[in-house]
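**Q** start15.cif is reproduced below (mmCIF, C-alpha atoms).
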data_entry
#
loop_
_atom_site.group_PDB
_atom_site.id
_atom_site.type_symbol
_atom_site.label_atom_id
_atom_site.label_comp_id
_atom_site.auth_asym_id
_atom_site.auth_seq_id
_atom_site.Cartn_x
_atom_site.Cartn_y
_atom_site.Cartn_z
ATOM 1 C CA MET A 1 -21.800 85.390 0.534
ATOM 2 C CA GLU A 2 -20.746 81.833 1.317
ATOM 3 C CA GLU A 3 -20.600 80.888 4.935
ATOM 4 C CA ASP A 4 -17.246 80.180 6.516
ATOM 5 C CA PRO A 5 -16.790 76.368 6.717
ATOM 6 C CA ASP A 6 -15.163 76.735 10.126
ATOM 7 C CA LYS A 7 -18.230 78.524 11.367
ATOM 8 C CA ARG A 8 -20.444 75.805 9.912
ATOM 9 C CA ARG A 9 -18.441 73.165 11.711
ATOM 10 C CA ARG A 10 -18.476 75.153 14.907
ATOM 11 C CA ASP A 11 -22.236 75.616 14.707
ATOM 12 C CA ARG A 12 -22.680 71.918 14.155
ATOM 13 C CA GLU A 13 -20.530 71.103 17.159
ATOM 14 C CA PHE A 14 -22.340 73.652 19.241
ATOM 15 C CA THR A 15 -25.618 72.025 18.265
ATOM 16 C CA GLU A 16 -24.285 68.726 19.518
ATOM 17 C CA LEU A 17 -23.180 70.320 22.749
ATOM 18 C CA TYR A 18 -26.560 71.900 23.172
ATOM 19 C CA ARG A 19 -28.410 68.679 22.519
ATOM 20 C CA ALA A 20 -26.228 66.750 24.896
ATOM 21 C CA HIS A 21 -26.416 69.162 27.783
ATOM 22 C CA LEU A 22 -29.596 71.160 27.624
ATOM 23 C CA ARG A 23 -31.136 69.090 30.387
ATOM 24 C CA ASP A 24 -28.023 69.477 32.521
ATOM 25 C CA VAL A 25 -28.008 73.237 32.189
ATOM 26 C CA TYR A 26 -31.724 73.409 32.743
ATOM 27 C CA SER A 27 -31.596 71.155 35.794
ATOM 28 C CA TYR A 28 -28.753 73.114 37.279
ATOM 29 C CA SER A 29 -30.564 76.382 36.592
ATOM 30 C CA TYR A 30 -33.759 75.097 38.060
ATOM 31 C CA TYR A 31 -32.120 74.007 41.274
ATOM 32 C CA ARG A 32 -30.385 77.363 41.494
ATOM 33 C CA VAL A 33 -33.337 79.662 40.920
ATOM 34 C CA GLY A 34 -36.221 77.434 41.938
ATOM 35 C CA ASN A 35 -38.778 78.155 39.259
ATOM 36 C CA HIS A 36 -39.171 77.225 35.659
ATOM 37 C CA HIS A 37 -39.550 80.721 34.291
ATOM 38 C CA ASP A 38 -36.237 81.954 35.604
ATOM 39 C CA ALA A 39 -34.589 78.616 34.907
ATOM 40 C CA GLU A 40 -35.527 79.026 31.270
ATOM 41 C CA ASP A 41 -34.054 82.515 31.178
ATOM 42 C CA LEU A 42 -30.889 81.315 32.803
ATOM 43 C CA THR A 43 -30.634 78.377 30.427
ATOM 44 C CA GLU A 44 -31.082 80.635 27.437
ATOM 45 C CA GLN A 45 -28.483 83.093 28.643
ATOM 46 C CA THR A 46 -26.092 80.266 29.334
ATOM 47 C CA PHE A 47 -26.313 78.925 25.810
ATOM 48 C CA LEU A 48 -26.109 82.360 24.223
ATOM 49 C CA GLN A 49 -23.005 83.148 26.203
ATOM 50 C CA ALA A 50 -21.611 79.709 25.480
ATOM 51 C CA TYR A 51 -22.105 80.276 21.780
ATOM 52 C CA ARG A 52 -20.242 83.546 21.923
ATOM 53 C CA HIS A 53 -17.227 81.935 23.563
ATOM 54 C CA PHE A 54 -17.503 78.494 22.048
ATOM 55 C CA GLU A 55 -14.537 78.780 19.741
ATOM 56 C CA ARG A 56 -12.195 79.779 22.518
ATOM 57 C CA ALA A 57 -13.579 77.149 24.859
ATOM 58 C CA GLN A 58 -12.962 74.472 22.277
ATOM 59 C CA ARG A 59 -9.460 75.718 21.739
ATOM 60 C CA GLU A 60 -8.641 75.775 25.417
ATOM 61 C CA SER A 61 -10.394 72.566 26.409
ATOM 62 C CA HIS A 62 -7.818 70.393 24.664
ATOM 63 C CA GLY A 63 -10.485 67.845 23.918
ATOM 64 C CA ARG A 64 -11.870 67.654 27.430
ATOM 65 C CA PRO A 65 -15.664 67.598 27.855
ATOM 66 C CA LEU A 66 -17.273 71.012 27.838
ATOM 67 C CA ARG A 67 -20.049 70.291 30.281
ATOM 68 C CA PRO A 68 -18.144 71.751 33.262
ATOM 69 C CA TRP A 69 -17.565 74.897 31.235
ATOM 70 C CA LEU A 70 -21.270 75.180 30.475
ATOM 71 C CA ILE A 71 -22.231 74.672 34.086
ATOM 72 C CA ARG A 72 -19.687 77.230 35.143
ATOM 73 C CA ILE A 73 -21.273 79.768 32.809
ATOM 74 C CA ALA A 74 -24.660 78.989 34.345
ATOM 75 C CA HIS A 75 -23.151 79.295 37.802
ATOM 76 C CA ASN A 76 -21.681 82.725 37.062
ATOM 77 C CA LEU A 77 -24.857 83.939 35.410
ATOM 78 C CA ALA A 78 -26.933 82.761 38.340
ATOM 79 C CA ALA A 79 -24.690 84.713 40.696
ATOM 80 C CA ASN A 80 -25.071 87.825 38.540
ATOM 81 C CA TYR A 81 -28.765 87.229 38.256
ATOM 82 C CA TYR A 82 -29.248 87.385 41.987
ATOM 83 C CA ARG A 83 -26.882 90.288 42.403
ATOM 84 C CA ASP A 84 -28.367 92.401 39.630
ATOM 85 C CA ARG A 85 -31.962 91.831 40.492
ATOM 86 C CA SER A 86 -31.627 91.600 44.254
ATOM 87 C CA ARG A 87 -33.700 88.473 44.118
ATOM 88 C CA ARG A 88 -32.207 86.660 46.987
ATOM 89 C CA PRO A 89 -33.433 88.428 50.056
ATOM 90 C CA GLN A 90 -33.930 85.734 52.711
ATOM 91 C CA THR A 91 -31.208 83.254 51.943
ATOM 92 C CA GLN A 92 -32.300 80.240 53.917
ATOM 93 C CA LEU A 93 -36.026 80.534 53.381
ATOM 94 C CA GLU A 94 -35.647 81.458 49.765
ATOM 95 C CA ASP A 95 -33.254 78.601 49.210
ATOM 96 C CA ALA A 96 -35.540 76.159 50.899
ATOM 97 C CA ALA A 97 -38.284 77.216 48.559
ATOM 98 C CA VAL A 98 -35.869 76.935 45.684
ATOM 99 C CA VAL A 99 -34.817 73.380 46.146
ATOM 100 C CA SER A 100 -38.117 72.106 47.405
ATOM 101 C CA ALA A 101 -40.174 73.658 44.643
ATOM 102 C CA PRO A 102 -42.482 71.102 43.021
ATOM 103 C CA HIS A 103 -40.929 69.128 40.193
ATOM 104 C CA THR A 104 -42.695 68.414 36.981
ATOM 105 C CA THR A 105 -41.375 64.889 37.004
ATOM 106 C CA ALA A 106 -43.447 62.214 38.616
ATOM 107 C CA ASP A 107 -40.706 61.273 41.067
ATOM 108 C CA LEU A 108 -41.510 63.958 43.556
ATOM 109 C CA ALA A 109 -45.083 64.649 42.650
ATOM 110 C CA GLU A 110 -46.380 62.852 45.700
ATOM 111 C CA GLY A 111 -44.182 64.927 47.945
ATOM 112 C CA ARG A 112 -42.598 62.069 49.769
ATOM 113 C CA GLU A 113 -41.683 63.310 53.149
ATOM 114 C CA GLU A 114 -38.244 61.788 53.304
ATOM 115 C CA LEU A 115 -37.168 63.258 50.010
ATOM 116 C CA GLN A 116 -38.671 66.555 50.974
ATOM 117 C CA ASP A 117 -36.560 66.538 54.110
ATOM 118 C CA VAL A 118 -33.489 65.803 52.033
ATOM 119 C CA LEU A 119 -34.250 68.659 49.679
ATOM 120 C CA GLU A 120 -34.792 71.045 52.527
ATOM 121 C CA GLY A 121 -31.558 69.843 54.074
ATOM 122 C CA VAL A 122 -29.725 70.454 50.823
ATOM 123 C CA ALA A 123 -31.210 73.925 50.706
ATOM 124 C CA LYS A 124 -29.709 74.716 54.082
ATOM 125 C CA LEU A 125 -26.180 73.741 53.099
ATOM 126 C CA PRO A 126 -23.589 76.395 52.262
ATOM 127 C CA GLN A 127 -23.741 77.308 48.611
ATOM 128 C CA ASP A 128 -20.582 75.523 47.509
ATOM 129 C CA ARG A 129 -21.665 72.280 49.139
ATOM 130 C CA ARG A 130 -25.172 72.584 47.786
ATOM 131 C CA GLU A 131 -23.936 73.175 44.261
ATOM 132 C CA ALA A 132 -21.543 70.274 44.437
ATOM 133 C CA LEU A 133 -24.408 67.974 45.423
ATOM 134 C CA ILE A 134 -26.599 69.291 42.628
ATOM 135 C CA MET A 135 -23.835 68.657 40.121
ATOM 136 C CA ARG A 136 -23.135 65.205 41.474
ATOM 137 C CA PHE A 137 -26.666 63.925 41.904
ATOM 138 C CA ALA A 138 -28.909 65.925 39.593
ATOM 139 C CA LEU A 139 -26.393 66.126 36.755
ATOM 140 C CA GLY A 140 -24.386 62.974 37.438
ATOM 141 C CA MET A 141 -21.049 64.739 37.168
ATOM 142 C CA ASP A 142 -17.938 63.046 38.499
ATOM 143 C CA ASN A 143 -15.380 64.666 40.771
ATOM 144 C CA ARG A 144 -13.177 65.742 37.898
ATOM 145 C CA GLU A 145 -16.002 67.489 36.089
ATOM 146 C CA ILE A 146 -17.264 69.160 39.235
ATOM 147 C CA ALA A 147 -13.757 70.303 40.070
ATOM 148 C CA ARG A 148 -13.504 72.010 36.702
ATOM 149 C CA ALA A 149 -16.904 73.599 37.063
ATOM 150 C CA ILE A 150 -16.186 75.082 40.468
ATOM 151 C CA ASP A 151 -12.506 75.718 39.860
ATOM 152 C CA ARG A 152 -11.128 73.516 42.609
ATOM 153 C CA SER A 153 -8.822 70.550 42.678
ATOM 154 C CA GLU A 154 -10.249 67.081 42.414
ATOM 155 C CA GLY A 155 -9.136 66.351 45.938
ATOM 156 C CA ALA A 156 -10.791 69.446 47.309
ATOM 157 C CA THR A 157 -13.955 68.588 45.417
ATOM 158 C CA LYS A 158 -14.027 65.097 46.849
ATOM 159 C CA VAL A 159 -13.692 66.525 50.350
ATOM 160 C CA LEU A 160 -16.363 69.121 49.620
ATOM 161 C CA ILE A 161 -18.873 66.491 48.563
ATOM 162 C CA HIS A 162 -18.006 64.217 51.450
ATOM 163 C CA ARG A 163 -18.524 67.037 53.930
ATOM 164 C CA ALA A 164 -21.728 68.092 52.255
ATOM 165 C CA ILE A 165 -23.158 64.604 52.647
ATOM 166 C CA ARG A 166 -21.979 64.397 56.239
ATOM 167 C CA GLN A 167 -23.487 67.764 57.076
ATOM 168 C CA LEU A 168 -26.720 66.776 55.447
ATOM 169 C CA GLU A 169 -26.836 63.503 57.373
ATOM 170 C CA GLN A 170 -26.137 65.307 60.594
ATOM 171 C CA GLY A 171 -28.836 67.864 59.931
ATOM 172 C CA LEU A 172 -31.418 65.220 59.156
ATOM 173 C CA LYS A 173 -30.428 63.234 62.213
ATOM 174 C CA GLU A 174 -30.855 66.257 64.440
ATOM 175 C CA GLN A 175 -34.189 66.895 62.859
ATOM 176 C CA ASP A 176 -35.279 63.349 63.613
ATOM 177 C CA ASP A 177 -34.140 63.643 67.204
ATOM 178 C CA GLU A 178 -36.190 66.745 67.837
ATOM 179 C CA MET B 1 -20.657 53.336 55.336
ATOM 180 C CA SER B 2 -24.139 52.055 54.682
ATOM 181 C CA ASP B 3 -25.509 55.341 56.032
ATOM 182 C CA ALA B 4 -23.446 57.171 53.459
ATOM 183 C CA LEU B 5 -24.737 54.897 50.753
ATOM 184 C CA ASP B 6 -28.296 55.412 51.929
ATOM 185 C CA MET B 7 -27.827 59.150 51.893
ATOM 186 C CA GLU B 8 -26.416 59.006 48.385
ATOM 187 C CA ALA B 9 -29.393 56.959 47.280
ATOM 188 C CA LEU B 10 -31.731 59.465 48.892
ATOM 189 C CA LEU B 11 -29.925 62.326 47.207
ATOM 190 C CA ARG B 12 -30.217 60.585 43.868
ATOM 191 C CA SER B 13 -33.931 60.208 44.375
ATOM 192 C CA ALA B 14 -34.414 63.750 45.610
ATOM 193 C CA LEU B 15 -32.211 65.649 43.188
ATOM 194 C CA VAL B 16 -33.714 64.337 40.006
ATOM 195 C CA PRO B 17 -32.824 65.896 36.665
ATOM 196 C CA VAL B 18 -35.464 68.407 35.625
ATOM 197 C CA GLU B 19 -36.758 68.338 32.084
ATOM 198 C CA PRO B 20 -37.589 71.607 30.384
ATOM 199 C CA SER B 21 -41.232 71.869 29.405
ATOM 200 C CA GLU B 22 -42.227 70.953 25.880
ATOM 201 C CA ALA B 23 -44.499 73.880 25.130
ATOM 202 C CA MET B 24 -42.084 76.419 23.772
ATOM 203 C CA GLY B 25 -40.558 75.214 20.530
ATOM 204 C CA ASP B 26 -42.422 77.726 18.402
ATOM 205 C CA ARG B 27 -41.714 80.557 20.741
ATOM 206 C CA LEU B 28 -38.046 79.690 20.586
ATOM 207 C CA GLU B 29 -37.804 80.039 16.848
ATOM 208 C CA ARG B 30 -39.845 83.207 16.853
ATOM 209 C CA GLY B 31 -37.679 84.641 19.574
ATOM 210 C CA LEU B 32 -34.528 83.825 17.680
ATOM 211 C CA SER B 33 -35.864 85.397 14.524
ATOM 212 C CA GLU B 34 -36.789 88.541 16.392
ATOM 213 C CA LEU B 35 -33.419 88.630 18.012
ATOM 214 C CA THR B 36 -31.606 88.274 14.709
ATOM 215 C CA GLY B 37 -33.835 90.830 13.037
ATOM 216 C CA ALA B 38 -33.421 93.336 15.829
ATOM 217 C CA ALA B 39 -29.666 93.023 15.726
ATOM 218 C CA ALA B 40 -29.526 93.344 11.953
ATOM 219 C CA GLY B 41 -31.830 96.355 11.968
ATOM 220 C CA GLU B 42 -29.783 98.056 14.591
ATOM 221 C CA LEU B 43 -26.626 97.511 12.594
ATOM 222 C CA ALA B 44 -28.134 98.993 9.465
ATOM 223 C CA ASP B 45 -29.270 102.081 11.346
ATOM 224 C CA TRP B 46 -25.897 102.508 12.883
ATOM 225 C CA GLU B 47 -24.037 102.227 9.645
ATOM 226 C CA LEU B 48 -26.231 104.863 8.114
ATOM 227 C CA GLY B 49 -26.355 107.359 10.882
ATOM 228 C CA ALA B 50 -24.113 107.015 13.884
ATOM 229 C CA MET B 51 -20.673 106.102 12.703
ATOM 230 C CA ARG B 52 -19.107 109.390 13.666
ATOM 231 C CA ASP B 53 -20.253 109.324 17.267
ATOM 232 C CA PRO B 54 -18.227 107.014 19.525
ATOM 233 C CA ARG B 55 -20.934 107.185 22.158
ATOM 234 C CA ASN B 56 -23.082 105.078 19.874
ATOM 235 C CA TRP B 57 -20.560 102.362 19.342
ATOM 236 C CA ALA B 58 -21.560 100.210 22.269
ATOM 237 C CA ARG B 59 -25.087 99.549 21.022
ATOM 238 C CA PRO B 60 -24.256 98.276 17.566
ATOM 239 C CA ALA B 61 -21.379 96.319 19.027
ATOM 240 C CA ALA B 62 -23.889 94.586 21.252
ATOM 241 C CA ALA B 63 -26.066 94.027 18.226
ATOM 242 C CA VAL B 64 -23.198 92.363 16.417
ATOM 243 C CA VAL B 65 -22.514 90.081 19.316
ATOM 244 C CA VAL B 66 -26.112 89.213 19.997
ATOM 245 C CA GLY B 67 -26.980 88.957 16.346
ATOM 246 C CA GLY B 68 -24.096 86.614 15.762
ATOM 247 C CA ALA B 69 -25.096 84.455 18.649
ATOM 248 C CA ALA B 70 -28.711 84.452 17.583
ATOM 249 C CA ALA B 71 -27.888 83.538 14.028
ATOM 250 C CA GLY B 72 -25.829 80.643 15.273
ATOM 251 C CA ALA B 73 -28.556 79.584 17.598
ATOM 252 C CA LEU B 74 -31.001 79.767 14.736
ATOM 253 C CA VAL B 75 -28.850 77.377 12.770
ATOM 254 C CA LEU B 76 -28.913 75.208 15.808
ATOM 255 C CA VAL B 77 -32.678 75.287 16.016
ATOM 256 C CA ARG B 78 -33.175 74.500 12.368
ATOM 257 C CA ALA B 79 -30.666 71.686 12.482
ATOM 258 C CA ARG B 80 -32.481 70.273 15.423
ATOM 259 C CA LYS B 81 -35.846 70.591 13.737
ATOM 260 C CA HIS B 82 -34.642 68.729 10.699
ATOM 261 C CA HIS B 83 -33.005 65.949 12.609
ATOM 262 C CA ARG B 84 -35.418 65.148 15.324
ATOM 263 C CA SER B 85 -38.337 62.831 14.948
ATOM 264 C CA ARG B 86 -39.575 63.133 18.511
ATOM 265 C CA PRO B 87 -41.085 66.211 20.139
ATOM 266 C CA ALA B 88 -38.735 69.106 20.736
ATOM 267 C CA ARG B 89 -38.263 68.660 24.407
ATOM 268 C CA GLY B 90 -35.073 70.493 25.070
ATOM 269 C CA LEU B 91 -35.710 73.375 22.765
ATOM 270 C CA SER B 92 -38.622 74.428 24.856
ATOM 271 C CA ALA B 93 -36.334 75.826 27.502
ATOM 272 C CA LEU B 94 -34.535 77.997 25.034
ATOM 273 C CA GLY B 95 -37.805 79.008 23.438
ATOM 274 C CA HIS B 96 -39.155 81.008 26.279
ATOM 275 C CA GLY B 97 -35.814 82.331 27.284
ATOM 276 C CA LEU B 98 -34.763 83.520 23.879
ATOM 277 C CA ARG B 99 -38.013 85.299 23.496
ATOM 278 C CA GLY B 100 -37.136 87.048 26.703
ATOM 279 C CA ALA B 101 -33.706 87.806 25.316
ATOM 280 C CA ALA B 102 -35.284 89.333 22.241
ATOM 281 C CA ASP B 103 -37.441 91.496 24.450
ATOM 282 C CA ARG B 104 -34.484 92.525 26.536
ATOM 283 C CA LEU B 105 -32.409 93.287 23.486
ATOM 284 C CA GLY B 106 -35.212 95.329 22.078
ATOM 285 C CA ARG B 107 -35.439 97.322 25.267
ATOM 286 C CA ARG B 108 -31.685 97.764 25.403
ATOM 287 C CA LEU B 109 -31.381 98.920 21.854
ATOM 288 C CA GLY B 110 -34.415 101.109 22.129
ATOM 289 C CA ALA B 111 -33.204 102.767 25.318
#
What's the structure tokens form of this structure?
**A**
Amino acid sequence: MEEDPDKRRRDREFTELYRAHLRDVYSYSYYRVGNHHDAEDLTEQTFLQAYRHFERAQRESHGRPLRPWLIRIAHNLAANYYRDRSRRPQTQLEDAAVVSAPHTTADLAEGREELQDVLEGVAKLPQDRREALIMRFALGMDNREIARAIDRSEGATKVLIHRAIRQLEQGLKEQDDE
Amino acid sequence: MSDALDMEALLRSALVPVEPSEAMGDRLERGLSELTGAAAGELADWELGAMRDPRNWARPAAAVVVGGAAAGALVLVRARKHHRSRPARGLSALGHGLRGAADRLGRRLGA
């Protein structure tokens, strides 16, 4: 039986989406769950779910980039992941371990103290602020994209990021003063 | 202002993008094949034996969904294999995970 040309086109476009954003989804997943094994699972589930709903997402995106949609899927799956498996027992400690887990990239291999402090500070932020910073700095998303991913207005997103940075600065300052 | 800029620079340095490992390309394709095969097998069994029992409808429905997704993903993998000249970096993340998905599907369908 000959394959539906629409499906072929859709698969091709999904391939492009996947190629363009695998690292984004993986990075986001990694910073959410804190280890590569679970990040891989989360990434896989994200793309499988994205494939299932790709047609509708394309239809409803009206040509806008689909990265926020992908990240939102990963966000929802990560929330389910923790809820289903009860894997998030000690929020602060667990989160600190999450964000400060060793990277495979060379950038953090030496464990520079200042960056480590920043990561630990990020880990202590409320979840919405932490996620916004991950999207902004690890994924390079702009306010509009982040707003779509977290379902807030652009203005609210801008404020969220601003406050996250302020809170982080304050926390690091207090740490220095101690 | 400069403090804010410094903090943004620090955040950029700290929150680096994380690359998936490169070791899982083969496992990815194998996982996808298993996933597709499991879904197809489940469908065949259902068509032969369980059509009259509504309690069985959920499992083959899941097989359809997962099988469809896996088949699409398989297209994706093959397209990527044919087009890339450098090592399959990004696929590695899906590789391990899809193998896990195949395992999970197998457990779900076998339950």
**Q** Give me the residues within 12 Å of A:Lys173 as a PDB file with C-alpha atoms, keeping the file's coordinate frame, counting only C-alpha atoms and dropping any in the same chain fewer than 4 places off.
**A**
ATOM      1  CA  GLU A 114     -38.244  61.788  53.304  1.00  0.00           C
ATOM      2  CA  ASP A 117     -36.560  66.538  54.110  1.00  0.00           C
ATOM      3  CA  VAL A 118     -33.489  65.803  52.033  1.00  0.00           C
ATOM      4  CA  GLY A 121     -31.558  69.843  54.074  1.00  0.00           C
ATOM      5  CA  ARG A 166     -21.979  64.397  56.239  1.00  0.00           C
ATOM      6  CA  GLN A 167     -23.487  67.764  57.076  1.00  0.00           C
ATOM      7  CA  LEU A 168     -26.720  66.776  55.447  1.00  0.00           C
ATOM      8  CA  GLU A 169     -26.836  63.503  57.373  1.00  0.00           C
ATOM      9  CA  ASP A 177     -34.140  63.643  67.204  1.00  0.00           C
ATOM     10  CA  GLU A 178     -36.190  66.745  67.837  1.00  0.00           C
TER      11      GLU A 178
ATOM     12  CA  ASP B   3     -25.509  55.341  56.032  1.00  0.00           C
ATOM     13  CA  MET B   7     -27.827  59.150  51.893  1.00  0.00           C
TER      14      MET B   7
END
**Q** Could you state the separation of atom CA of A:Ala149 and atom CA of A:Pro68 in Å, given to one decimal place?
**A**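 Pair atom CA of A:Ala149 / atom CA of A:Pro68 returns 4.4 Å.
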**Q** Grab the atom CA of A:Gly34 to atom CA of A:Lys158 distance for me, in Å with one decimal place.
**A**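 Going from atom CA of A:Gly34 over to atom CA of A:Lys158 covers 25.9 Å.
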**Q** When the cut-off is 8 Å and we count all atoms listed in the file, which residues of chain A are near chain B, given as an NGL selection string?
**A** :A and (11-12 or 14-15 or 19 or 22-24 or 26-27 or 30 or 36 or 40-45 or 48-49 or 51-52 or 103-105 or 107-108 or 115-116 or 118-119 or 134 or 137-139 or 165-166 or 169)
**Q** For the selection you just gave me, I'd like the residues written to a file as a short mmCIF file (atom, residue, chain, number, x, y, z; two decimals), in the coordinates of the input, keeping C-alpha atoms.
**A**
data_model
loop_
_atom_site.label_atom_id
_atom_site.label_comp_id
_atom_site.auth_asym_id
_atom_site.auth_seq_id
_atom_site.Cartn_x
_atom_site.Cartn_y
_atom_site.Cartn_z
CA ASP A 11 -22.24 75.62 14.71
CA ARG A 12 -22.68 71.92 14.16
CA PHE A 14 -22.34 73.65 19.24
CA THR A 15 -25.62 72.03 18.26
CA ARG A 19 -28.41 68.68 22.52
CA LEU A 22 -29.60 71.16 27.62
CA ARG A 23 -31.14 69.09 30.39
CA ASP A 24 -28.02 69.48 32.52
CA TYR A 26 -31.72 73.41 32.74
CA SER A 27 -31.60 71.16 35.79
CA TYR A 30 -33.76 75.10 38.06
CA HIS A 36 -39.17 77.22 35.66
CA GLU A 40 -35.53 79.03 31.27
CA ASP A 41 -34.05 82.52 31.18
CA LEU A 42 -30.89 81.32 32.80
CA THR A 43 -30.63 78.38 30.43
CA GLU A 44 -31.08 80.64 27.44
CA GLN A 45 -28.48 83.09 28.64
CA LEU A 48 -26.11 82.36 24.22
CA GLN A 49 -23.00 83.15 26.20
CA TYR A 51 -22.10 80.28 21.78
CA ARG A 52 -20.24 83.55 21.92
CA HIS A 103 -40.93 69.13 40.19
CA THR A 104 -42.70 68.41 36.98
CA THR A 105 -41.38 64.89 37.00
CA ASP A 107 -40.71 61.27 41.07
CA LEU A 108 -41.51 63.96 43.56
CA LEU A 115 -37.17 63.26 50.01
CA GLN A 116 -38.67 66.56 50.97
CA VAL A 118 -33.49 65.80 52.03
CA LEU A 119 -34.25 68.66 49.68
CA ILE A 134 -26.60 69.29 42.63
CA PHE A 137 -26.67 63.92 41.90
CA ALA A 138 -28.91 65.92 39.59
CA LEU A 139 -26.39 66.13 36.76
CA ILE A 165 -23.16 64.60 52.65
CA ARG A 166 -21.98 64.40 56.24
CA GLU A 169 -26.84 63.50 57.37
#
**Q** Which distance in Å separates atom CA of A:Arg72 and atom CA of A:Ala156, to one decimal?
**A**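 Between atom CA of A:Arg72 and atom CA of A:Ala156 the gap works out to 17.0 Å.
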